[in-house]
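Below: one structure, written as structure tokens.
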Amino acid sequence: MAAEISPKAKAWLAVAAVPIIIYTLLPIGWILSLSLKGGTSINDRNYFPRKWSWDSYKYIFTGGAHDLFVPALINSIGICLIATIVGVALSAFAAYGIARLEFPGKRLILNTALLTAFFPAISLVTPLFNVWRSVGLYNTWLGLIIPYLSLTLPISIWTLSAFFRQIPWEMEQAAQVDGATSWQAFRKVVLPLAAPGVFTVAIISFFTAWNDFVYATSLSSTPGKAWHFDGAQTVPATLGYFTGKSNFIPATGFVAAAAVVVTIPVVILVLFFQKRIVAGLTAGAVKG
Amino acid sequence: MSTIEMKHITKVYGDGFKAVTDVDIDVADGEFLILVGPSGSGKSTLLRMIVGLEDISSGDMLIDGQRVNDRAPRDRNLSMVFQNYALYPHLTVFENIAFPLRLGKNKLPDDQVKKMVGDIADVLELREHLDRKPANLSGGQRQRVAMGGAIIRKANAFLFDEPLSNLDAKLRGQMRTEISRLQRRLGVTTVYVTHDQTEAMTLGDRVAVLRRGVLQQVASPRELYEQPVNLFVAGFIGSPPMNFLPATVGDGVLDMPFTQVPIPQEVSAVKNKGDLVIVGVRPEAFEDAALVEEGQRAKGITFQAEVDVTEWLGNEKYAYLPFEPHPDVQAALNELDRELDGEAMRTQLVVSLDGTSKIRQGDSAELWFDPAAAHVFDAESGENLTRDEAKAAEIAEESESDRKRELERAQQREGSPV
């Protein structure tokens with residue numbers, strides 16, 4: 001239980017929080033503002049737009065950038081969701097095995113997993129690029145999902161095995177005595193109890209893939225056509241290819257609009273999962 | 001309803017540690033068996049081998065005559081209540097109790113589950129708590145939820161692993177009678193692990209006393225109390241524990257601190273003059289000589305002793321009488337004390353007197369006891385030299401017929417709730 005904070009201290013904390021909030025929200029507000037400025041007023045040096053307009057959004061969804069942005073958005077959502085779901089499932093099984101079983105090489109697996117996370121992405125990209133091109137994974141969904149998995153699995157396995165270790169083994173044994181198979185015990189008892197961990201891992205995996213730029217820009221070339229799945233470029237990589245309507249109108253507004261659009265799912269996810277994570281953490285233990 | 005037979009059960013851990021050695025116990029249908037012993041005696045390991053959470057190194061485990069050594073826990077159809085209840089914190093009380101019915105093998109339709117859980121909630125008085133989560137329940141309520149989950153299934157037997165050790169003393173007493181009543185009513189074979197000798201004595205039809213993985217004695221509480229096979233069982237059963245007095249064999253008598261007792265025939269047959277033995281007398285066997293009737297008095301032995309401390313408890317009074325022990329025997333007694341989770345205290349005789357006794361601390365008191373109530377143990381092996389086999393068999397027979405009668409009566413009266 002957190003100690004009770006006096007009203008006076010509370011007021012001071014609020015005052016102290018204001019500059020931090022302004023500092024962090026300033027660039028986000030700016031992006032929003034840029035995306036809402038119409039046409040030529042982009043460079044008018046005002047923080048708040050004088051004239052509100054949805055032109056930039058129309059442009060990326062239905063206008064000139066439509067063929068670039070919409071397939072990229074589909075790629076982003078599809079690739080990240082698949083990478084997250086597969087990553088959570090794989091790491092849950094791996095972590096469960098590591099937390100519950102004694103087998104030779106257990107430490108090796110854990111340490112190797114950690115080791116792979118040490119390499120900077122940029123050092124892996126060039127060899128991957130060559131391999132992907134020769135095996136035909138270049139510019140495909142799978143070609144991005146695989147590196148995202150290898151990027152998120154180590155941290156996921158470590159996080160989840162820590163969560164699984166906290167669940168008393170007795171709980172599972174009780175389930176087995178009650179007539180559950182190992183799989184039922186895992187699904188009905190262990191997994192729900194480790195829900196906060198599962199959500200944490202899911203959210204980290206999703207963000208890692210969603211924000212990735214290095215792999216996306218190196219291992220894919222085009223977003224392809226919408227719903228044709230003939231390209232794999234995701235939104236962060238595609239943004240650089242945006243061009244203005246003419247040479248005299250910069251693409252800044254469209255890039256800003258696209259950036260706002262891809263930020264929305266992140267905000268929703270955080271709000272949704274945060275509640276689940278907190279709920280899971282406060283559900284309470286058995287022994288009192 | 002089932003029998004459980006353990007035949008030469010042995011458990012050796014990977015590091016070579018023998019947790020359970022060659023245990024042979026038969027549990028009859030509907031019997032309440034207690035596994036008792038100090039920590040490290042292998043009682044929990046044995047229970048976990050019955051339920052299948054621990055592999056059996058050698059020997060056979062038979063449930064209803066069928067060998068279950070290689071069966072998974074879920075295929076043994078047993079119910080178990082764990083020490084810390086192992087309730088599922090993410091499920092409501094209702095779902096916790098219904099959990100076994102939600103699984104493949106014994107899956108039931110929803111309305112039937114609802115009815116069964118409702119019936120059990122009534123028996124256990126959990127009706128108004130069904131929608132709550134375990135975290136919001138008191139210790140006693142959690143305990144009852146755990147029992148609910150155990151009895152909802154038509155299990156062959158109930159297994160309890162120190163279920164009351166997390167409760168405070170008052171609640172422990174209440175739950176103890178509750179478990180006893182429930183077991184009689186359901187008539188289900190039950191194996192119950194505890195380190196508490198009071199629980200063992202009050203709950204069990206029969207009690208199996210274990211020491212370092214070796215079975216010492218399986219018998220009714222009364223037989224354990226009156227006819228223990230060795231020093232360990234004698235010291236473990238009874239509260240306050242039995243007094244052990246070192247004695248030397250003399251001419252027709254045993255010389256012990258405070259007094260002499262005539263040497264029992266069984267002892268003189270195997271021991272020579274000058275041999276060391278241990279005489280065990282329960283505190284309850286003593287009485288204030290002033291309160292013993294004349295006729296009675298002649299049957300026993302009266303002796304004078306300095307009383308160090310007295311404790312008056314209302315209905316009875318404990319008096320403590322220090323004595324100088326024989327050094328050879330002292331080592332053996334200290335060892336025994338350590339095993340019984342005690343601390344090697346000063347050597348003293350504890351006597352339990354009538355509450356009306358006028359003896360005060362510091363007095364030189366006249367005490368009386370009946371030498372027939374004393375047991376004589378071999379100082380080296382700890383074996384009880386005065387155990388009366390015929391008497392023991394008689395007690396065993398009596399307790400068995402008592403048990404059957406009780407079981408029948410309880411079921412006639414209450415009917416089976418599930």
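By order of appearance in the structure tokens: chains A, B, ..., then residues from 1 within every chain, and ligands from 1 in the order shown.
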Would you list the contacts of segment 170-174 of chain A as a PyMOL selection string, taking every protein, DNA or RNA residue within 8 Å and counting only C-alpha atoms, but skipping same-chain residues closer than 6 positions in sequence? (chain A and resi 185-186+189-190) or (chain B and resi 53+80+82+86-88)
For N, CA and C atoms, I'd like the residues from the last selection saved as a compact mmCIF listing (two decimals), in the first residue's frame.
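So part.txt came out as:
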```txt
# COMPACT_ATOMS: atom_id res chain seq x y z
N ALA A 185 -3.88 -27.53 -17.23
CA ALA A 185 -3.33 -26.82 -16.08
C ALA A 185 -2.63 -25.54 -16.55
N PHE A 186 -1.94 -25.65 -17.67
CA PHE A 186 -1.23 -24.49 -18.21
C PHE A 186 -2.22 -23.42 -18.67
N VAL A 189 -4.85 -22.40 -15.51
CA VAL A 189 -4.32 -21.92 -14.23
C VAL A 189 -3.08 -21.04 -14.42
N VAL A 190 -2.07 -21.59 -15.09
CA VAL A 190 -0.80 -20.87 -15.17
C VAL A 190 -0.93 -19.60 -16.01
N LEU B 53 2.07 -37.12 -7.18
CA LEU B 53 2.90 -35.96 -7.48
C LEU B 53 4.38 -36.27 -7.28
N MET B 80 -7.30 -33.72 -3.15
CA MET B 80 -6.28 -33.34 -2.18
C MET B 80 -6.48 -31.89 -1.75
N PHE B 82 -4.31 -28.91 -0.12
CA PHE B 82 -2.91 -28.59 0.11
C PHE B 82 -2.75 -27.72 1.35
N ALA B 86 -3.93 -23.87 -2.10
CA ALA B 86 -3.80 -23.86 -3.55
C ALA B 86 -5.12 -23.51 -4.23
N LEU B 87 -5.76 -22.45 -3.78
CA LEU B 87 -6.97 -21.96 -4.47
C LEU B 87 -6.51 -21.17 -5.68
N TYR B 88 -7.38 -21.13 -6.70
CA TYR B 88 -7.02 -20.39 -7.90
C TYR B 88 -7.43 -18.94 -7.72
```
As a ChimeraX atom specification, please: every residue in segment 58-130 of chain A that DSSP puts in alpha helix (DSSP H). /A:58-61,66-100,106-118,121-130
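All of the residues in chain B within 6 Å of chain A are Pro73, Arg74, Ala86, Pro89, Pro100 and Ala135 of chain B, where only C-alpha atoms were counted.
One distance worth recording is that between atom CA of Ser138 of chain B and atom CA of Ser79 of chain B, which is 22.3 Å.
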